[in-house]
Structure formats: C-alpha cells, structure tokens
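Okay, structure first, notes after.
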Amino acid sequence: MPELSTTRRVRHAAAEMFDLVADVERYPEFVPLCRSLTVRERKKEGEKDVIVADMTVAYKLIRQTFTSRVTLDRPNLEILVQYLEGPFRQLNNTWKFRTVEPHACDVEFFIAYEFQSRALGMLMGAMFDTAFRRFAGAFERRADAVYGTRAA
C-alpha cells in the first residue's frame, strides 16, 4: 500500500495551520486535484469536532468522489481522516501540528492508501502519489496567502 510521511517546518503558529487544514470547505480553492467538497454532517464528540464530507478529485477525464470522516482534535492539534466510501480499499490520513516557536510549527502529514481496483490504481496511482506529495506545500502556500509571510 503506498504511503507518504513528511514533516515540514512552517513560519505559522500551530493553531493557524490547524485552522487552515480544518477548513475543508476551502480545499477546492487550493488543494491539488480537489474539484469539489461537500460537507454532509458536522457534530461534536466530546472536545472533538467531526465532519463527514464528500471530496471529488479530478484529473483530465477521470473524476472520483469519496467520503471521509474528519476528526478535528483541537486540544491536541491533530486531524484524523478516516475513509468511509469510494474508489479506495482504504485511505488513512493524519495531520499533527507541533509548536516550535510562537510563530513556527512542524506540520506532520501522513497518508496511506490503496485503490479497490488494480486497474484504477495503475491508472491513478502515480497521479495521486504526485498530488499527495504536493499537499503539504499547497497548505503552506495557502497559509502564506491567508496569514502573510514571516521572515525566517
């Protein structure tokens, strides 16, 4: 099963980065391949917020929609994405935001996925791998646009 794990130091507060990633409705504006995102449900589970959303990804003539359960754990600055339905056999995604300085944090991104169909995996696998590798950078650029840039 393909997986990707990366840690990036960014010049934004951990809470800012958490808020940016938690704002799923904005993903079509800047996330690679994301064409639309519809929130089906929002609820509270203790101190955590839970969102169930449909994301449609597209590349050329290929469009796929999948549903995920997104758990926003603000006290721990972590986001867990659990796959519910769509073209994957499984998809697990986590974000962790670790404060380094008041205006800097480490963003840890992990994703593991496997398509249900071997043919779809062969067709879309390389494209998804490339897109997932660009995710962290896309969020960092979005943070710069939303919060401004800070000197290193």
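Residue numbering restarts at 1 for every chain of the structure tokens, chains are lettered A, B, ... in their displayed order, and ligands are numbered from 1 as they appear.
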
Self-check item: Contacts of segment 41-45 of chain A at 10 Å (only C-alpha atoms; same-chain gap of 6+ positions) as a list in words
Solution: Ile51, Val52, Ala53, Arg69, Val70, Thr71, Leu72 and Asp73 of chain A

Self-check item: Contacts of Asp19 of chain A within 10 Å, only C-alpha atoms, excl. fewer than 4 positions in-chain, as a ChimeraX atom specification
Solution: /A:14-15,23-24,72,74,77,143

Please produce a file of those selected residues containing N, CA, C and O atoms, as a PDB file, in the first residue's frame.
ATOM      1  N   ALA A  14       1.042  26.843  15.157  1.00  0.00           N
ATOM      2  CA  ALA A  14       0.393  25.536  15.031  1.00  0.00           C
ATOM      3  C   ALA A  14      -1.126  25.683  14.959  1.00  0.00           C
ATOM      4  O   ALA A  14      -1.787  25.012  14.153  1.00  0.00           O
ATOM      5  N   ALA A  15      -1.699  26.564  15.771  1.00  0.00           N
ATOM      6  CA  ALA A  15      -3.156  26.761  15.752  1.00  0.00           C
ATOM      7  C   ALA A  15      -3.621  27.324  14.408  1.00  0.00           C
ATOM      8  O   ALA A  15      -4.694  26.953  13.922  1.00  0.00           O
ATOM      9  N   ASP A  23     -10.408  23.752   7.729  1.00  0.00           N
ATOM     10  CA  ASP A  23     -11.366  24.488   6.904  1.00  0.00           C
ATOM     11  C   ASP A  23     -11.564  23.763   5.565  1.00  0.00           C
ATOM     12  O   ASP A  23     -11.207  24.257   4.497  1.00  0.00           O
ATOM     13  N   VAL A  24     -12.160  22.574   5.638  1.00  0.00           N
ATOM     14  CA  VAL A  24     -12.252  21.691   4.476  1.00  0.00           C
ATOM     15  C   VAL A  24     -13.046  22.290   3.317  1.00  0.00           C
ATOM     16  O   VAL A  24     -12.780  21.970   2.158  1.00  0.00           O
ATOM     17  N   LEU A  72     -11.515  16.515  14.099  1.00  0.00           N
ATOM     18  CA  LEU A  72     -10.707  17.682  14.432  1.00  0.00           C
ATOM     19  C   LEU A  72     -10.474  17.697  15.938  1.00  0.00           C
ATOM     20  O   LEU A  72     -11.397  17.959  16.716  1.00  0.00           O
ATOM     21  N   ARG A  74      -8.803  19.677  18.321  1.00  0.00           N
ATOM     22  CA  ARG A  74      -8.150  20.960  18.571  1.00  0.00           C
ATOM     23  C   ARG A  74      -7.258  20.940  19.820  1.00  0.00           C
ATOM     24  O   ARG A  74      -6.148  21.475  19.780  1.00  0.00           O
ATOM     25  N   LEU A  77      -4.170  19.462  18.675  1.00  0.00           N
ATOM     26  CA  LEU A  77      -3.739  19.964  17.368  1.00  0.00           C
ATOM     27  C   LEU A  77      -3.452  18.811  16.397  1.00  0.00           C
ATOM     28  O   LEU A  77      -2.392  18.727  15.781  1.00  0.00           O
ATOM     29  N   ALA A 143      -1.337  29.087   3.683  1.00  0.00           N
ATOM     30  CA  ALA A 143      -1.105  29.797   4.957  1.00  0.00           C
ATOM     31  C   ALA A 143      -0.421  31.131   4.706  1.00  0.00           C
ATOM     32  O   ALA A 143      -0.790  32.148   5.320  1.00  0.00           O
TER      33      ALA A 143
END

Exercise. Determine, counting only C-alpha atoms, which protein, DNA and RNA residues have an atom within 10 Å of an atom of Phe115 of chain A; residues of the same chain fewer than 3 positions away are not included. Present the result as a list in words.
Key: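 Using only C-alpha atoms, the neighbours found are Met1, Pro2, Gly86, Pro87, Phe88, Arg89, Gln90, Leu91, Arg118, Ala119, Leu120, Gly121, Met122, Met124 and Gly125 of chain A.
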
File of the preceding selection, all heavy atoms, as an mmCIF file, in the first residue's frame:
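The resulting result-v2.cif:
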data_model
loop_
_atom_site.group_PDB
_atom_site.id
_atom_site.type_symbol
_atom_site.label_atom_id
_atom_site.label_comp_id
_atom_site.auth_asym_id
_atom_site.auth_seq_id
_atom_site.Cartn_x
_atom_site.Cartn_y
_atom_site.Cartn_z
ATOM 1 N N MET A 1 0.845 -1.171 0.000
ATOM 2 C CA MET A 1 0.000 0.000 0.000
ATOM 3 C C MET A 1 0.895 1.240 0.000
ATOM 4 O O MET A 1 1.740 1.387 0.876
ATOM 5 C CB MET A 1 -0.898 -0.037 1.247
ATOM 6 C CG MET A 1 -1.693 1.208 1.442
ATOM 7 S SD MET A 1 -2.995 1.129 2.709
ATOM 8 C CE MET A 1 -2.177 0.517 4.130
ATOM 9 N N PRO A 2 0.707 2.150 -0.963
ATOM 10 C CA PRO A 2 1.520 3.368 -0.990
ATOM 11 C C PRO A 2 1.267 4.227 0.247
ATOM 12 O O PRO A 2 0.144 4.320 0.733
ATOM 13 C CB PRO A 2 1.036 4.097 -2.245
ATOM 14 C CG PRO A 2 0.365 3.067 -3.074
ATOM 15 C CD PRO A 2 -0.186 2.057 -2.111
ATOM 16 N N GLY A 86 -15.984 4.955 -1.454
ATOM 17 C CA GLY A 86 -15.476 5.492 -2.699
ATOM 18 C C GLY A 86 -14.542 4.500 -3.385
ATOM 19 O O GLY A 86 -14.664 3.298 -3.189
ATOM 20 N N PRO A 87 -13.581 5.009 -4.177
ATOM 21 C CA PRO A 87 -12.750 4.147 -5.013
ATOM 22 C C PRO A 87 -11.574 3.471 -4.302
ATOM 23 O O PRO A 87 -10.827 2.735 -4.920
ATOM 24 C CB PRO A 87 -12.229 5.114 -6.080
ATOM 25 C CG PRO A 87 -12.123 6.415 -5.354
ATOM 26 C CD PRO A 87 -13.313 6.425 -4.425
ATOM 27 N N PHE A 88 -11.411 3.723 -3.018
ATOM 28 C CA PHE A 88 -10.276 3.150 -2.290
ATOM 29 C C PHE A 88 -10.686 1.897 -1.529
ATOM 30 O O PHE A 88 -11.834 1.760 -1.109
ATOM 31 C CB PHE A 88 -9.716 4.157 -1.278
ATOM 32 C CG PHE A 88 -9.151 5.396 -1.912
ATOM 33 C CD1 PHE A 88 -9.903 6.555 -2.010
ATOM 34 C CD2 PHE A 88 -7.857 5.412 -2.411
ATOM 35 C CE1 PHE A 88 -9.393 7.700 -2.589
ATOM 36 C CE2 PHE A 88 -7.335 6.551 -2.993
ATOM 37 C CZ PHE A 88 -8.112 7.697 -3.087
ATOM 38 N N ARG A 89 -9.740 1.015 -1.337
ATOM 39 C CA ARG A 89 -9.928 -0.102 -0.416
ATOM 40 C C ARG A 89 -9.740 0.456 0.990
ATOM 41 O O ARG A 89 -10.458 0.122 1.914
ATOM 42 C CB ARG A 89 -8.927 -1.217 -0.703
ATOM 43 C CG ARG A 89 -9.083 -2.408 0.220
ATOM 44 C CD ARG A 89 -8.296 -3.620 -0.239
ATOM 45 N NE ARG A 89 -8.938 -4.192 -1.428
ATOM 46 C CZ ARG A 89 -8.316 -4.399 -2.588
ATOM 47 N NH1 ARG A 89 -7.044 -4.129 -2.722
ATOM 48 N NH2 ARG A 89 -8.961 -4.890 -3.622
ATOM 49 N N GLN A 90 -8.738 1.331 1.106
ATOM 50 C CA GLN A 90 -8.519 2.027 2.368
ATOM 51 C C GLN A 90 -7.730 3.305 2.127
ATOM 52 O O GLN A 90 -7.009 3.426 1.143
ATOM 53 C CB GLN A 90 -7.827 1.143 3.397
ATOM 54 C CG GLN A 90 -6.503 0.570 2.969
ATOM 55 C CD GLN A 90 -5.959 -0.362 4.037
ATOM 56 O OE1 GLN A 90 -6.122 -0.128 5.223
ATOM 57 N NE2 GLN A 90 -5.315 -1.418 3.614
ATOM 58 N N LEU A 91 -7.934 4.249 3.024
ATOM 59 C CA LEU A 91 -7.220 5.512 2.980
ATOM 60 C C LEU A 91 -7.169 6.038 4.409
ATOM 61 O O LEU A 91 -8.201 6.149 5.064
ATOM 62 C CB LEU A 91 -7.936 6.516 2.072
ATOM 63 C CG LEU A 91 -7.241 7.879 1.925
ATOM 64 C CD1 LEU A 91 -7.372 8.375 0.492
ATOM 65 C CD2 LEU A 91 -7.824 8.894 2.864
ATOM 66 N N ARG A 118 -7.296 -2.755 -9.104
ATOM 67 C CA ARG A 118 -5.892 -2.714 -9.544
ATOM 68 C C ARG A 118 -5.752 -1.817 -10.773
ATOM 69 O O ARG A 118 -4.806 -1.041 -10.895
ATOM 70 C CB ARG A 118 -5.398 -4.120 -9.845
ATOM 71 C CG ARG A 118 -4.003 -4.121 -10.447
ATOM 72 C CD ARG A 118 -3.499 -5.506 -10.567
ATOM 73 N NE ARG A 118 -2.707 -5.713 -9.356
ATOM 74 C CZ ARG A 118 -1.938 -6.743 -9.155
ATOM 75 N NH1 ARG A 118 -1.876 -7.695 -10.033
ATOM 76 N NH2 ARG A 118 -1.241 -6.850 -8.059
ATOM 77 N N ALA A 119 -6.731 -1.882 -11.686
ATOM 78 C CA ALA A 119 -6.682 -1.055 -12.899
ATOM 79 C C ALA A 119 -6.738 0.425 -12.544
ATOM 80 O O ALA A 119 -5.979 1.240 -13.078
ATOM 81 C CB ALA A 119 -7.827 -1.418 -13.834
ATOM 82 N N LEU A 120 -7.649 0.798 -11.622
ATOM 83 C CA LEU A 120 -7.745 2.192 -11.201
ATOM 84 C C LEU A 120 -6.462 2.614 -10.488
ATOM 85 O O LEU A 120 -5.971 3.723 -10.684
ATOM 86 C CB LEU A 120 -8.956 2.402 -10.287
ATOM 87 C CG LEU A 120 -9.265 3.837 -9.894
ATOM 88 C CD1 LEU A 120 -9.579 4.687 -11.124
ATOM 89 C CD2 LEU A 120 -10.439 3.870 -8.921
ATOM 90 N N GLY A 121 -5.908 1.722 -9.706
ATOM 91 C CA GLY A 121 -4.645 2.003 -9.030
ATOM 92 C C GLY A 121 -3.522 2.272 -10.019
ATOM 93 O O GLY A 121 -2.723 3.189 -9.846
ATOM 94 N N MET A 122 -3.476 1.490 -11.080
ATOM 95 C CA MET A 122 -2.442 1.688 -12.091
ATOM 96 C C MET A 122 -2.677 2.994 -12.855
ATOM 97 O O MET A 122 -1.747 3.720 -13.163
ATOM 98 C CB MET A 122 -2.412 0.501 -13.056
ATOM 99 C CG MET A 122 -1.899 -0.768 -12.401
ATOM 100 S SD MET A 122 -1.948 -2.182 -13.505
ATOM 101 C CE MET A 122 -0.686 -1.719 -14.664
ATOM 102 N N MET A 124 -4.483 5.722 -11.796
ATOM 103 C CA MET A 124 -4.452 6.940 -10.983
ATOM 104 C C MET A 124 -3.354 6.965 -9.935
ATOM 105 O O MET A 124 -3.090 8.015 -9.349
ATOM 106 C CB MET A 124 -5.804 7.127 -10.293
ATOM 107 C CG MET A 124 -6.929 7.345 -11.271
ATOM 108 S SD MET A 124 -8.468 7.787 -10.478
ATOM 109 C CE MET A 124 -8.102 9.422 -9.887
ATOM 110 N N GLY A 125 -2.722 5.841 -9.679
ATOM 111 C CA GLY A 125 -1.753 5.749 -8.597
ATOM 112 C C GLY A 125 -0.632 6.773 -8.666
ATOM 113 O O GLY A 125 -0.358 7.477 -7.698
#

Quiz item: When DSSP works through the backbone of this structure, what residues of chain A end up as helix (DSSP H, G or I), shown as number ranges by chain?
Solution: A: 14-22, 24-29, 74-76, 118-147

Quiz item: Please, which residues of chain A, numbered as in this document, come out strand (DSSP E) from DSSP, as a PyMOL selection string?
Solution: chain A and resi 3-10+34-45+48-59+62-73+78-85+88-101+104-115

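Between atom CA of Thr94 of chain A and atom CA of Leu80 of chain A the separation is 4.6 Å.
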
Self-check item: Nearest-residue call for Ile79 of chain A, choices A:Arg11, A:Lys60, A:Lys48, A:His103, using only C-alpha atoms
Solution: A:Lys48

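The interatomic distance for the pair atom CA of Ser68 of chain A and atom CA of Asp54 of chain A works out to 6.6 Å.
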
Quick one: everything within 6 Å of Trp95 of chain A, counting only C-alpha atoms, minus sequence neighbours fewer than 2 positions away in the same chain. Send it as a PDB file with all heavy atoms, in the first residue's frame.
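As a result, part.pdb now contains:
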ATOM      1  N   GLU A  78      -4.446  17.921  16.279  1.00  0.00           N
ATOM      2  CA  GLU A  78      -4.342  16.779  15.367  1.00  0.00           C
ATOM      3  C   GLU A  78      -5.636  16.629  14.578  1.00  0.00           C
ATOM      4  O   GLU A  78      -6.725  16.919  15.081  1.00  0.00           O
ATOM      5  CB  GLU A  78      -4.066  15.492  16.135  1.00  0.00           C
ATOM      6  CG  GLU A  78      -2.724  15.499  16.835  1.00  0.00           C
ATOM      7  CD  GLU A  78      -2.402  14.213  17.575  1.00  0.00           C
ATOM      8  OE1 GLU A  78      -3.216  13.264  17.567  1.00  0.00           O
ATOM      9  OE2 GLU A  78      -1.321  14.163  18.171  1.00  0.00           O
ATOM     10  N   ILE A  79      -5.501  16.177  13.343  1.00  0.00           N
ATOM     11  CA  ILE A  79      -6.644  15.914  12.480  1.00  0.00           C
ATOM     12  C   ILE A  79      -6.497  14.502  11.936  1.00  0.00           C
ATOM     13  O   ILE A  79      -5.449  14.146  11.390  1.00  0.00           O
ATOM     14  CB  ILE A  79      -6.722  16.943  11.330  1.00  0.00           C
ATOM     15  CG1 ILE A  79      -6.931  18.350  11.910  1.00  0.00           C
ATOM     16  CG2 ILE A  79      -7.826  16.566  10.336  1.00  0.00           C
ATOM     17  CD1 ILE A  79      -6.870  19.465  10.884  1.00  0.00           C
ATOM     18  N   GLU A 108       3.224  17.672  10.548  1.00  0.00           N
ATOM     19  CA  GLU A 108       3.446  16.265  10.208  1.00  0.00           C
ATOM     20  C   GLU A 108       2.242  15.787   9.400  1.00  0.00           C
ATOM     21  O   GLU A 108       1.103  15.938   9.825  1.00  0.00           O
ATOM     22  CB  GLU A 108       3.580  15.423  11.472  1.00  0.00           C
ATOM     23  CG  GLU A 108       4.749  15.822  12.345  1.00  0.00           C
ATOM     24  CD  GLU A 108       4.757  15.092  13.679  1.00  0.00           C
ATOM     25  OE1 GLU A 108       4.115  14.014  13.798  1.00  0.00           O
ATOM     26  OE2 GLU A 108       5.387  15.621  14.616  1.00  0.00           O
ATOM     27  N   PHE A 109       2.518  15.237   8.221  1.00  0.00           N
ATOM     28  CA  PHE A 109       1.479  14.762   7.316  1.00  0.00           C
ATOM     29  C   PHE A 109       1.760  13.304   6.996  1.00  0.00           C
ATOM     30  O   PHE A 109       2.882  12.947   6.634  1.00  0.00           O
ATOM     31  CB  PHE A 109       1.497  15.612   6.033  1.00  0.00           C
ATOM     32  CG  PHE A 109       0.574  15.128   4.957  1.00  0.00           C
ATOM     33  CD1 PHE A 109      -0.789  15.385   5.017  1.00  0.00           C
ATOM     34  CD2 PHE A 109       1.064  14.441   3.858  1.00  0.00           C
ATOM     35  CE1 PHE A 109      -1.646  14.953   4.010  1.00  0.00           C
ATOM     36  CE2 PHE A 109       0.221  14.011   2.845  1.00  0.00           C
ATOM     37  CZ  PHE A 109      -1.135  14.271   2.926  1.00  0.00           C
TER      38      PHE A 109
END

Quiz item: What is the atom CA of Phe132 of chain A to atom CA of Ile111 of chain A distance in Å?
Solution: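 Interatomic distance, atom CA of Phe132 of chain A to atom CA of Ile111 of chain A: 7.9 Å.
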
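Checking A:Val50, A:Thr38, A:Tyr59, A:Thr6 one by one against Gln82 of chain A, counting only C-alpha atoms, you find the shortest gap at A:Val50.
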
Quiz item: Do you know which residues are at most 10 Å from Leu37 of chain A counting only C-alpha atoms, after dropping those on the same chain fewer than 5 positions away, and could you put them as a ChimeraX atom specification?
Solution: /A:24-28,53-57,65-67

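For Phe110 of chain A, the residues within 6 Å (counting only C-alpha atoms, excluding itself and residues fewer than 2 positions away along the chain) are A:Leu4, A:Ser5, A:Asn93, A:Thr94.
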